[in-house]
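*Asks:* Please find query21.txt (compact mmCIF, C-alpha atoms) on the next line:
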```
# COMPACT_ATOMS: atom_id res chain seq x y z
CA MET O 1 5.94 -1.34 -10.83
CA SER O 2 2.60 -1.93 -12.50
CA THR O 3 -0.50 -2.73 -10.45
CA LEU O 4 -0.37 -6.33 -11.61
CA GLY O 5 3.29 -6.56 -10.63
CA LEU O 6 2.56 -5.22 -7.16
CA TYR O 7 -0.32 -7.65 -6.78
CA ALA O 8 1.91 -10.55 -7.81
CA ALA O 9 4.60 -9.40 -5.38
CA ASP O 10 2.03 -9.38 -2.55
CA VAL O 11 0.85 -12.86 -3.47
CA VAL O 12 4.37 -14.23 -3.64
CA ALA O 13 5.32 -12.63 -0.31
CA LEU O 14 2.24 -14.12 1.39
CA ALA O 15 2.78 -17.58 -0.07
CA ARG O 16 6.47 -17.50 0.82
CA LYS O 17 5.59 -16.58 4.39
CA ASP O 18 3.47 -19.75 4.68
CA LEU O 19 6.17 -21.93 3.14
CA LYS O 20 8.82 -20.46 5.42
CA LEU O 21 6.66 -21.02 8.50
CA GLU O 22 6.13 -24.61 7.43
CA LEU O 23 9.84 -25.16 6.85
CA ARG O 24 10.60 -23.92 10.36
CA ALA O 25 7.77 -25.46 12.34
CA ARG O 26 6.96 -28.54 10.19
CA ASP O 27 3.39 -28.60 11.48
CA THR O 28 1.43 -29.68 8.44
CA LEU O 29 3.40 -31.33 5.66
CA PRO O 30 4.86 -34.35 7.52
CA ALA O 31 1.37 -35.08 8.85
CA MET O 32 -0.08 -34.93 5.32
CA LEU O 33 2.60 -37.23 3.91
CA LEU O 34 2.17 -39.80 6.63
CA PHE O 35 -1.61 -39.57 6.44
CA VAL O 36 -1.75 -40.23 2.71
CA LEU O 37 0.53 -43.27 3.03
CA SER O 38 -1.42 -44.68 5.97
CA THR O 39 -4.68 -44.19 4.10
CA LEU O 40 -3.36 -46.10 1.10
CA ALA O 41 -2.23 -48.89 3.41
CA VAL O 42 -5.67 -49.03 5.03
CA PHE O 43 -7.27 -49.18 1.58
CA HIS O 44 -5.45 -52.37 0.77
CA PHE O 45 -7.37 -54.01 3.59
CA ALA O 46 -10.62 -52.18 2.81
CA LEU O 47 -10.70 -53.42 -0.79
CA PRO O 48 -12.02 -56.96 -1.19
CA ALA O 49 -9.75 -59.28 -3.17
CA GLY O 50 -10.28 -58.91 -6.90
CA ALA O 51 -11.97 -55.52 -6.59
CA GLY O 52 -10.08 -54.33 -9.64
CA GLU O 53 -8.11 -51.28 -10.59
CA SER O 54 -11.09 -48.95 -11.03
CA ALA O 55 -12.17 -49.44 -7.44
CA ALA O 56 -8.63 -48.77 -6.23
CA TYR O 57 -8.53 -45.66 -8.37
CA GLY O 58 -11.63 -44.33 -6.62
CA LEU O 59 -9.91 -44.82 -3.30
CA LEU O 60 -6.90 -42.78 -4.43
CA TRP O 61 -9.30 -39.86 -4.73
CA ILE O 62 -10.68 -40.41 -1.26
CA ALA O 63 -7.08 -40.34 -0.01
CA ILE O 64 -6.34 -37.10 -1.88
CA ILE O 65 -9.51 -35.35 -0.69
CA PHE O 66 -8.96 -36.29 2.94
CA THR O 67 -5.29 -35.42 2.87
CA ALA O 68 -6.21 -32.03 1.43
CA LEU O 69 -8.74 -31.59 4.22
CA LEU O 70 -6.04 -32.31 6.76
CA GLY O 71 -3.87 -29.57 5.28
CA LEU O 72 -6.75 -27.13 4.84
CA ALA O 73 -7.84 -27.52 8.45
CA ARG O 74 -4.49 -26.10 9.47
CA ALA O 75 -4.27 -23.58 6.64
CA TRP O 76 -5.31 -20.54 8.68
CA ALA O 77 -3.93 -21.76 12.00
CA PRO O 78 -0.81 -19.54 11.98
CA GLU O 79 -2.90 -16.42 11.31
CA ARG O 80 -5.47 -17.39 13.92
CA GLU O 81 -3.02 -18.26 16.65
CA GLY O 82 -1.00 -15.10 16.22
CA GLY O 83 -4.05 -12.90 15.57
CA ALA O 84 -2.30 -11.97 12.35
CA LEU O 85 -5.34 -12.08 10.10
CA ASP O 86 -6.55 -8.68 11.29
CA GLY O 87 -3.14 -7.27 10.47
CA LEU O 88 -3.21 -8.82 6.99
CA VAL O 89 -6.67 -7.44 6.34
CA LEU O 90 -5.50 -3.98 7.37
CA ALA O 91 -2.35 -4.21 5.24
CA PRO O 92 -2.35 -2.05 2.12
CA CYS O 93 -2.77 -4.93 -0.31
CA ASP O 94 -5.75 -6.26 -2.18
CA ARG O 95 -7.51 -8.73 0.12
CA SER O 96 -7.90 -11.29 -2.64
CA ALA O 97 -4.09 -11.50 -2.63
CA ILE O 98 -4.37 -13.07 0.84
CA TRP O 99 -6.61 -15.78 -0.59
CA LEU O 100 -4.36 -16.34 -3.61
CA GLY O 101 -1.24 -16.55 -1.45
CA LYS O 102 -2.90 -19.05 0.87
CA SER O 103 -4.18 -21.10 -2.05
CA LEU O 104 -0.72 -21.28 -3.58
CA ALA O 105 0.89 -22.31 -0.29
CA THR O 106 -1.76 -25.00 0.25
CA LEU O 107 -1.29 -26.13 -3.34
CA ALA O 108 2.43 -26.53 -2.68
CA PHE O 109 1.74 -28.75 0.34
CA LEU O 110 -0.87 -30.79 -1.50
CA THR O 111 1.44 -31.26 -4.49
CA ALA O 112 4.17 -32.52 -2.18
CA ALA O 113 1.71 -35.01 -0.67
CA GLU O 114 0.64 -36.12 -4.15
CA LEU O 115 4.24 -36.57 -5.24
CA VAL O 116 4.39 -39.24 -2.57
CA ALA O 117 0.87 -40.57 -3.00
CA ILE O 118 0.85 -41.19 -6.74
CA PRO O 119 4.07 -43.25 -6.95
CA ALA O 120 2.97 -45.12 -3.84
CA PHE O 121 -0.42 -45.78 -5.43
CA ALA O 122 1.25 -46.99 -8.63
CA LEU O 123 3.46 -49.27 -6.57
CA PHE O 124 0.72 -50.68 -4.33
CA PHE O 125 -2.34 -50.80 -6.58
CA ALA O 126 -2.39 -49.86 -10.25
CA PRO O 127 -0.37 -47.93 -12.84
CA VAL O 128 -1.25 -44.24 -13.30
CA ASP O 129 -1.15 -42.70 -16.77
CA LEU O 130 -0.49 -39.13 -17.85
CA VAL O 131 -4.15 -38.14 -18.22
CA ALA O 132 -4.78 -39.27 -14.65
CA VAL O 133 -1.86 -37.15 -13.42
CA ALA O 134 -3.25 -34.16 -15.34
CA GLY O 135 -6.56 -34.82 -13.59
CA VAL O 136 -4.83 -34.78 -10.21
CA VAL O 137 -3.12 -31.47 -11.05
CA LEU O 138 -6.31 -29.76 -12.21
CA ALA O 139 -8.35 -31.09 -9.31
CA SER O 140 -5.69 -29.95 -6.83
CA ILE O 141 -6.03 -26.40 -8.11
CA GLY O 142 -9.76 -26.55 -7.53
CA ILE O 143 -9.34 -28.14 -4.10
CA CYS O 144 -6.98 -25.39 -2.94
CA ALA O 145 -8.93 -22.51 -4.50
CA VAL O 146 -12.24 -23.55 -2.93
CA GLY O 147 -10.71 -25.08 0.17
CA SER O 148 -8.73 -22.07 1.35
CA LEU O 149 -11.83 -19.87 1.12
CA LEU O 150 -13.97 -22.41 2.98
CA ALA O 151 -11.22 -22.85 5.56
CA ALA O 152 -11.29 -19.09 6.18
CA MET O 153 -15.06 -19.35 6.69
CA ALA O 154 -14.65 -22.29 9.04
CA ALA O 155 -11.91 -20.45 10.95
CA ALA O 156 -14.46 -17.73 11.78
CA SER O 157 -16.85 -20.27 13.31
CA ARG O 158 -16.80 -22.00 16.66
CA GLY O 159 -16.55 -25.61 15.46
CA ARG O 160 -13.89 -25.06 12.83
CA GLU O 161 -12.45 -28.58 12.64
CA VAL O 162 -15.94 -30.05 12.38
CA ILE O 163 -17.39 -27.49 9.99
CA LEU O 164 -14.72 -27.55 7.28
CA PRO O 165 -15.33 -31.10 5.98
CA LEU O 166 -19.08 -30.44 5.96
CA LEU O 167 -18.59 -27.35 3.84
CA PHE O 168 -15.95 -28.86 1.61
CA LEU O 169 -17.19 -32.35 0.71
CA PRO O 170 -20.34 -31.36 -1.24
CA LEU O 171 -18.22 -28.93 -3.26
CA ALA O 172 -15.56 -31.60 -3.81
CA ILE O 173 -17.98 -34.08 -5.42
CA PRO O 174 -17.57 -32.58 -8.94
CA LEU O 175 -13.79 -32.72 -8.49
CA VAL O 176 -13.94 -36.40 -7.59
CA VAL O 177 -16.13 -37.06 -10.63
CA GLY O 178 -13.64 -35.27 -12.88
CA GLY O 179 -10.58 -36.86 -11.30
CA VAL O 180 -11.89 -40.42 -11.30
CA GLY O 181 -13.26 -39.96 -14.83
CA ALA O 182 -9.90 -38.71 -16.10
CA GLY O 183 -8.26 -41.80 -14.62
CA ILE O 184 -10.55 -44.58 -15.77
CA SER O 185 -12.64 -43.32 -18.66
CA PRO O 186 -11.48 -43.72 -22.27
CA GLN O 187 -12.58 -40.10 -22.94
CA GLY O 188 -10.28 -38.61 -20.32
CA SER O 189 -10.06 -35.22 -22.04
CA THR O 190 -13.78 -34.53 -21.43
CA TYR O 191 -13.15 -34.89 -17.73
CA LEU O 192 -10.04 -32.75 -17.88
CA SER O 193 -11.93 -29.92 -19.53
CA PHE O 194 -14.68 -30.30 -16.94
CA LEU O 195 -12.06 -29.94 -14.18
CA GLY O 196 -10.67 -26.88 -15.92
CA LEU O 197 -14.15 -25.36 -16.04
CA TYR O 198 -14.68 -26.08 -12.34
CA ASP O 199 -11.36 -24.44 -11.47
CA LEU O 200 -12.21 -21.38 -13.52
CA VAL O 201 -15.73 -20.90 -12.12
CA PHE O 202 -14.83 -21.42 -8.49
CA ALA O 203 -11.49 -19.62 -8.57
CA ILE O 204 -13.17 -16.50 -9.95
CA LEU O 205 -15.96 -16.79 -7.39
CA ALA O 206 -13.54 -17.28 -4.49
CA TRP O 207 -11.27 -14.50 -5.73
CA ALA O 208 -14.19 -12.08 -5.90
CA THR O 209 -15.81 -12.99 -2.58
CA PHE O 210 -12.83 -13.61 -0.27
CA GLU O 211 -12.80 -10.00 0.89
CA TYR O 212 -16.27 -10.39 2.43
CA VAL O 213 -15.22 -13.46 4.39
CA VAL O 214 -12.30 -11.88 6.23
CA THR O 215 -13.43 -8.31 6.85
CA GLU O 216 -15.10 -7.64 10.16
CA MET Q 1 -47.38 -2.46 6.83
CA SER Q 2 -49.71 -3.10 3.94
CA SER Q 3 -47.57 -6.02 2.80
CA ARG Q 4 -48.28 -7.96 5.97
CA ASN Q 5 -52.01 -7.59 5.59
CA ASN Q 6 -52.26 -9.59 2.41
CA LEU Q 7 -50.57 -12.62 3.97
CA PRO Q 8 -53.81 -14.35 5.15
CA LEU Q 9 -55.29 -13.78 1.72
CA LEU Q 10 -52.23 -15.30 0.07
CA ALA Q 11 -52.35 -18.24 2.45
CA PHE Q 12 -56.00 -18.94 1.55
CA ALA Q 13 -55.18 -18.60 -2.13
CA ALA Q 14 -52.32 -21.09 -1.75
CA ALA Q 15 -54.55 -23.55 0.12
CA GLY Q 16 -57.29 -23.22 -2.50
CA LEU Q 17 -54.89 -23.60 -5.40
CA LEU Q 18 -53.29 -26.60 -3.73
CA GLY Q 19 -56.71 -28.24 -3.35
CA LEU Q 20 -57.42 -27.60 -7.02
CA ALA Q 21 -53.99 -28.99 -7.92
CA VAL Q 22 -54.65 -32.20 -6.00
CA VAL Q 23 -58.00 -32.68 -7.76
CA LEU Q 24 -56.48 -31.99 -11.18
CA ALA Q 25 -53.46 -34.20 -10.64
CA LEU Q 26 -55.26 -37.16 -9.09
CA ILE Q 27 -58.66 -37.14 -10.82
CA VAL Q 28 -58.84 -34.95 -13.91
CA ALA Q 29 -55.47 -35.67 -15.57
CA PRO Q 30 -55.57 -38.82 -17.73
CA GLU Q 31 -53.62 -41.83 -16.55
CA ASP Q 32 -50.19 -42.35 -18.10
CA ALA Q 33 -50.25 -45.24 -20.56
CA ASN Q 34 -46.89 -46.69 -19.50
CA GLN Q 35 -46.49 -45.94 -15.83
CA GLY Q 36 -50.12 -46.01 -14.68
CA VAL Q 37 -51.14 -44.42 -11.42
CA SER Q 38 -47.58 -43.99 -10.12
CA GLN Q 39 -46.91 -41.36 -12.76
CA ARG Q 40 -49.25 -39.00 -10.90
CA ILE Q 41 -46.55 -38.21 -8.35
CA PHE Q 42 -44.88 -36.37 -11.24
CA TYR Q 43 -47.39 -33.54 -10.72
CA PHE Q 44 -45.94 -32.95 -7.28
CA HIS Q 45 -42.35 -34.12 -7.57
CA VAL Q 46 -41.33 -31.90 -10.49
CA PRO Q 47 -43.04 -28.69 -9.25
CA ILE Q 48 -41.52 -29.23 -5.80
CA ALA Q 49 -38.06 -29.63 -7.37
CA LEU Q 50 -38.48 -26.51 -9.50
CA THR Q 51 -39.71 -24.58 -6.47
CA ALA Q 52 -36.63 -25.69 -4.51
CA TYR Q 53 -34.37 -24.38 -7.29
CA LEU Q 54 -36.32 -21.14 -7.25
CA CYS Q 55 -35.88 -20.79 -3.48
CA PHE Q 56 -32.12 -21.45 -3.68
CA GLY Q 57 -31.85 -18.96 -6.53
CA LEU Q 58 -33.74 -16.27 -4.62
CA GLY Q 59 -31.63 -16.96 -1.54
CA ALA Q 60 -28.49 -16.37 -3.60
CA TRP Q 61 -30.01 -13.28 -5.19
CA LYS Q 62 -30.70 -11.79 -1.76
CA ALA Q 63 -27.16 -12.75 -0.74
CA LEU Q 64 -25.74 -10.97 -3.78
CA ARG Q 65 -27.75 -7.86 -2.94
CA LEU Q 66 -26.49 -8.06 0.63
CA LEU Q 67 -22.86 -8.12 -0.48
CA TRP Q 68 -23.57 -5.39 -2.98
CA MET Q 69 -25.51 -2.95 -0.87
CA GLY Q 70 -25.52 -4.26 2.68
CA GLY Q 71 -28.61 -4.41 4.86
CA GLU Q 72 -29.38 -6.75 7.73
CA ARG Q 73 -32.86 -7.35 6.33
CA ARG Q 74 -31.43 -9.12 3.27
CA ASP Q 75 -29.48 -11.58 5.41
CA LEU Q 76 -32.68 -12.77 7.04
CA GLU Q 77 -34.44 -12.94 3.67
CA SER Q 78 -31.61 -14.92 2.11
CA TYR Q 79 -31.56 -17.30 5.07
CA THR Q 80 -35.33 -17.78 4.93
CA TRP Q 81 -35.32 -18.54 1.20
CA ILE Q 82 -32.55 -21.09 1.69
CA HIS Q 83 -34.46 -22.61 4.58
CA GLN Q 84 -37.53 -23.01 2.36
CA GLY Q 85 -35.34 -24.38 -0.42
CA THR Q 86 -33.95 -27.01 1.92
CA ILE Q 87 -37.45 -28.01 3.01
CA PHE Q 88 -38.59 -28.37 -0.60
CA GLY Q 89 -35.31 -30.09 -1.46
CA ALA Q 90 -35.98 -32.70 1.23
CA LEU Q 91 -39.51 -33.14 -0.15
CA THR Q 92 -38.01 -33.63 -3.62
CA LEU Q 93 -35.79 -36.39 -2.28
CA ILE Q 94 -38.75 -38.06 -0.57
CA THR Q 95 -41.14 -37.85 -3.53
CA GLY Q 96 -38.35 -38.86 -5.91
CA SER Q 97 -37.57 -41.86 -3.79
CA ILE Q 98 -41.23 -42.91 -3.79
CA TRP Q 99 -41.37 -42.50 -7.55
CA ALA Q 100 -38.19 -44.52 -8.00
CA ARG Q 101 -39.73 -47.28 -5.88
CA ALA Q 102 -42.95 -47.25 -7.90
CA SER Q 103 -41.40 -47.21 -11.35
CA TRP Q 104 -38.04 -48.98 -10.91
CA GLY Q 105 -38.67 -51.03 -7.78
CA VAL Q 106 -35.84 -49.44 -5.78
CA TRP Q 107 -35.97 -46.66 -3.20
CA TRP Q 108 -32.79 -45.08 -4.47
CA SER Q 109 -31.18 -45.01 -7.87
CA TRP Q 110 -27.83 -43.35 -8.53
CA SER Q 111 -28.68 -43.22 -12.19
CA SER Q 112 -31.43 -40.70 -11.61
CA ASN Q 113 -29.49 -37.48 -12.16
CA GLN Q 114 -32.06 -35.23 -10.55
CA LEU Q 115 -32.20 -37.26 -7.34
CA VAL Q 116 -28.43 -37.33 -6.99
CA LEU Q 117 -28.21 -33.61 -7.68
CA PHE Q 118 -30.73 -32.95 -4.94
CA LEU Q 119 -28.77 -35.13 -2.55
CA VAL Q 120 -25.64 -33.07 -3.21
CA LEU Q 121 -27.56 -29.81 -2.83
CA PHE Q 122 -29.26 -31.05 0.31
CA LEU Q 123 -25.88 -31.86 1.88
CA PHE Q 124 -24.48 -28.52 0.76
CA TYR Q 125 -27.34 -26.49 2.22
CA CYS Q 126 -27.44 -28.50 5.44
CA ALA Q 127 -23.82 -27.41 5.89
CA TYR Q 128 -25.04 -23.83 5.37
CA PHE Q 129 -27.10 -24.13 8.55
CA MET Q 130 -24.22 -25.71 10.45
CA LEU Q 131 -21.99 -22.83 9.39
CA ARG Q 132 -24.56 -20.18 10.17
CA PHE Q 133 -25.27 -21.39 13.67
CA SER Q 134 -21.63 -21.72 14.63
CA ILE Q 135 -20.67 -18.12 13.82
CA GLU Q 136 -21.48 -15.31 16.17
CA GLU Q 137 -24.26 -13.06 14.98
CA GLY Q 138 -23.14 -9.90 13.25
CA ALA Q 139 -22.00 -8.35 10.00
CA ARG Q 140 -19.32 -10.96 9.43
CA ARG Q 141 -21.78 -13.85 9.72
CA GLU Q 142 -24.10 -12.13 7.25
CA ARG Q 143 -21.32 -11.83 4.71
CA ILE Q 144 -19.91 -15.35 5.18
CA CYS Q 145 -23.38 -16.86 4.79
CA ALA Q 146 -23.98 -14.72 1.71
CA VAL Q 147 -20.75 -15.92 0.09
CA TYR Q 148 -21.66 -19.53 0.84
CA ALA Q 149 -25.13 -19.01 -0.67
CA LEU Q 150 -23.48 -17.69 -3.85
CA PHE Q 151 -21.31 -20.81 -4.01
CA GLY Q 152 -24.55 -22.78 -3.91
CA VAL Q 153 -25.89 -21.37 -7.17
CA ALA Q 154 -22.54 -21.99 -8.84
CA LEU Q 155 -22.59 -25.56 -7.53
CA ILE Q 156 -26.02 -26.34 -9.06
CA PRO Q 157 -24.96 -26.27 -12.75
CA VAL Q 158 -21.47 -27.62 -12.03
CA SER Q 159 -22.90 -30.58 -10.10
CA PHE Q 160 -25.49 -31.11 -12.78
CA PHE Q 161 -22.72 -31.57 -15.37
CA ALA Q 162 -20.63 -33.63 -12.96
CA ILE Q 163 -23.47 -36.05 -12.31
CA ARG Q 164 -24.22 -36.37 -16.01
CA LEU Q 165 -20.53 -37.16 -16.58
CA ALA Q 166 -20.35 -39.56 -13.65
CA ASN Q 167 -23.20 -41.63 -15.05
CA ASP Q 168 -21.08 -42.37 -18.07
CA PHE Q 169 -18.62 -44.37 -16.06
CA ILE Q 170 -20.70 -45.51 -13.11
CA HIS Q 171 -23.82 -46.57 -15.01
CA PRO Q 172 -23.44 -47.06 -18.71
CA THR Q 173 -27.19 -47.37 -19.19
CA VAL Q 174 -29.41 -44.48 -18.19
CA PHE Q 175 -33.07 -44.86 -17.36
CA THR Q 176 -35.15 -42.46 -19.28
CA ARG Q 177 -38.14 -41.05 -17.61
CA ALA Q 178 -39.45 -39.32 -20.70
CA GLY Q 179 -42.72 -41.04 -21.49
CA PRO Q 180 -44.97 -40.04 -24.31
CA GLN Q 181 -45.52 -36.34 -24.84
CA MET Q 182 -47.79 -34.72 -22.26
CA THR Q 183 -51.38 -34.08 -23.33
CA HIS Q 184 -52.94 -30.66 -22.90
CA THR Q 185 -54.85 -31.70 -19.77
CA MET Q 186 -51.70 -33.15 -18.25
CA PHE Q 187 -49.75 -30.02 -18.98
CA ALA Q 188 -52.48 -27.80 -17.52
CA ALA Q 189 -52.57 -29.92 -14.37
CA PHE Q 190 -48.79 -29.65 -14.15
CA LEU Q 191 -48.90 -25.87 -14.45
CA VAL Q 192 -51.58 -25.56 -11.76
CA CYS Q 193 -49.47 -27.76 -9.45
CA LEU Q 194 -46.41 -25.65 -10.15
CA ALA Q 195 -48.30 -22.44 -9.38
CA ALA Q 196 -49.81 -23.92 -6.22
CA ILE Q 197 -46.49 -25.17 -4.86
CA SER Q 198 -44.56 -22.00 -5.63
CA LEU Q 199 -47.29 -19.94 -4.00
CA LEU Q 200 -47.14 -22.27 -0.99
CA ALA Q 201 -43.36 -21.72 -0.81
CA TYR Q 202 -43.86 -17.97 -0.97
CA VAL Q 203 -46.46 -18.04 1.81
CA MET Q 204 -44.21 -20.22 3.96
CA TYR Q 205 -41.36 -17.80 3.31
CA ARG Q 206 -43.47 -14.83 4.37
CA VAL Q 207 -44.75 -16.58 7.49
CA GLU Q 208 -41.24 -17.58 8.53
CA LEU Q 209 -39.93 -14.10 7.85
CA VAL Q 210 -42.67 -12.49 9.97
CA GLY Q 211 -41.86 -14.93 12.78
CA LYS Q 212 -38.12 -14.31 12.57
CA ARG Q 213 -38.58 -10.54 12.50
CA THR Q 214 -40.90 -10.65 15.50
CA ASP Q 215 -38.28 -12.72 17.32
CA ALA Q 216 -35.59 -10.18 16.50
CA SER Q 217 -37.69 -7.19 17.64
CA LEU Q 218 -38.63 -9.01 20.86
CA ARG Q 219 -34.98 -9.67 21.55
CA GLU Q 220 -34.14 -6.02 20.97
CA LEU Q 221 -36.93 -4.93 23.30
CA ARG Q 222 -35.75 -7.32 25.98
CA GLU Q 223 -32.21 -6.01 25.67
CA MET Q 224 -33.45 -2.44 25.95
CA LEU Q 225 -35.44 -3.28 29.08
CA SER Q 226 -32.69 -5.15 30.85
```
Just give me the structure as structure tokens.

*Replies:*
Amino acid sequence: MSTLGLYAADVVALARKDLKLELRARDTLPAMLLFVLSTLAVFHFALPAGAGESAAYGLLWIAIIFTALLGLARAWAPEREGGALDGLVLAPCDRSAIWLGKSLATLAFLTAAELVAIPAFALFFAPVDLVAVAGVVLASIGICAVGSLLAAMAAASRGREVILPLLFLPLAIPLVVGGVGAGISPQGSTYLSFLGLYDLVFAILAWATFEYVVTE
Amino acid sequence: MSSRNNLPLLAFAAAGLLGLAVVLALIVAPEDANQGVSQRIFYFHVPIALTAYLCFGLGAWKALRLLWMGGERRDLESYTWIHQGTIFGALTLITGSIWARASWGVWWSWSSNQLVLFLVLFLFYCAYFMLRFSIEEGARRERICAVYALFGVALIPVSFFAIRLANDFIHPTVFTRAGPQMTHTMFAAFLVCLAAISLLAYVMYRVELVGKRTDASLRELREMLS
């Protein structure tokens, strides 16, 4: 097999391990689904009457960001609890494959949460068009690429649950700008290309630097 | 240690240059025709902001060198630059807020791209300190902090674009700060202020670094004795 093929096989194996663990233990995904629905329900009461669709659309993004945070906080929990991260780092695979596998698994969870959140949002608040959905997809890639690296950093610290949102939220601001812009602005494509640029820049950066975060 | 000996000299030079900058900015430079006396904060606000960028950039540069070649020394240098950057970033927020009050009548304006960018950066780099102080000292902390510092310099241009884009849908009208073209005297005063404030940042960086290194050697000595 070519080097690229081996790399892809490593990534797939790592991502599948996370999905399998989730299917057996059901630690994260049900919590994310329930959280995103509860948040949307709370937003109905947080929005003053007549606040309009744009305001509701902003809140959808708050719901997505916080749901992602909920999933990311648990992203490295299986490795940490079992002490498996050291084993993964020692394994004869490229260390960036660990990051890519984790990002893909987190992306799968986040997508599942969004598959519930977006129809629920359309039902409760306002219709969602195709450009807005494209914005959600692109932003989710960025959230998972940056988030799984930051979650690995936070997992190395003492106050991991507290640290992760602090690290993540300033980096998520451009994603919120792109996502909200894609939903409500008439020039949605500008925002989509901005999100694509964000994904590219930060995915390359995270891919290149992940090794330094996990090695002792 | 010849490099340590020139520190008092540099400190005096920074103090002298800063005095000159204050005189130039407040007395010599002509008053702005539109904004009047409040425009004079420009001579401090903009150089402080540029110096903060410079500090963040140098912090990331040291971080990159750390990841590249290793070396405990570079971790401390990167941290100290980022610390100075955060101090100057906070000063940018304060002077920007005063300027916003003087020229627009509000203490905070989301339509001022620079101010919002500095708020984002300030939050980002405050989290750097939270992260740093909650990881045990050692090679891993050095590398994690270095990676985070690199994310910072990627965040600066990305946030800059994001905030420009956000203004399109949050505030359709954008205040423009650009007054008439600067005169030669104004530009000279600006340059002197910029030189003075960057030199001040460098001196503060050196002082902090000397202090931190002394701390580290003292700790080592104490450990050797006990």

*Asks:* As an exercise, work out the distance from CA of Ala15 in chain O to CA of Ala105 in chain O in Å and give it to one decimal place.

*Replies:*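 One can read the CA of Ala15 in chain O to CA of Ala105 in chain O distance as 5.1 Å.
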
*Asks:* Show me as a list in words the residues that reach within 8 Å of (-25.6, -19.3, 4.7), counting only C-alpha atoms and using the file's own coordinates.

*Replies:*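 Within the cut-off we find Ser78, Tyr79, Ile82, Tyr125, Tyr128, Phe129, Leu131, Arg132, Glu142, Ile144, Cys145, Ala146, Val147, Tyr148 and Ala149 of chain Q.
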
*Asks:* Excluding Lys62 in chain Q and any residue of its chain fewer than 3 positions from it, enumerate the residues within 10 Å of it, using all atoms listed in the file, and give them as a CSV table (one decimal) with C-alpha atoms, in the frame of the given file.

*Replies:*
```csv
chain,number,residue,atom,x,y,z
Q,56,PHE,CA,-32.1,-21.4,-3.7
Q,57,GLY,CA,-31.8,-19.0,-6.5
Q,58,LEU,CA,-33.7,-16.3,-4.6
Q,59,GLY,CA,-31.6,-17.0,-1.5
Q,65,ARG,CA,-27.8,-7.9,-2.9
Q,66,LEU,CA,-26.5,-8.1,0.6
Q,67,LEU,CA,-22.9,-8.1,-0.5
Q,68,TRP,CA,-23.6,-5.4,-3.0
Q,73,ARG,CA,-32.9,-7.4,6.3
Q,74,ARG,CA,-31.4,-9.1,3.3
Q,75,ASP,CA,-29.5,-11.6,5.4
Q,76,LEU,CA,-32.7,-12.8,7.0
Q,77,GLU,CA,-34.4,-12.9,3.7
Q,78,SER,CA,-31.6,-14.9,2.1
Q,79,TYR,CA,-31.6,-17.3,5.1
Q,81,TRP,CA,-35.3,-18.5,1.2
Q,146,ALA,CA,-24.0,-14.7,1.7
Q,149,ALA,CA,-25.1,-19.0,-0.7
Q,150,LEU,CA,-23.5,-17.7,-3.8
```

*Asks:* Give the answer as one residue: which of Q:His83, Q:Arg140, Q:Arg222, Q:Arg206 has the shortest atom-to-atom distance to chain O, using all atoms listed in the file?

*Replies:*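 Comparing Q:His83, Q:Arg140, Q:Arg222, Q:Arg206 against chain O, the winner is Q:Arg140.
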
*Asks:* Give as number ranges by chain every residue of chain Q that touches chain O within 7 Å, counting all atoms listed in the file.

*Replies:* Q: 120, 123-124, 127, 131, 134-135, 139-140, 143-144, 147, 155, 158-159, 162, 166, 169
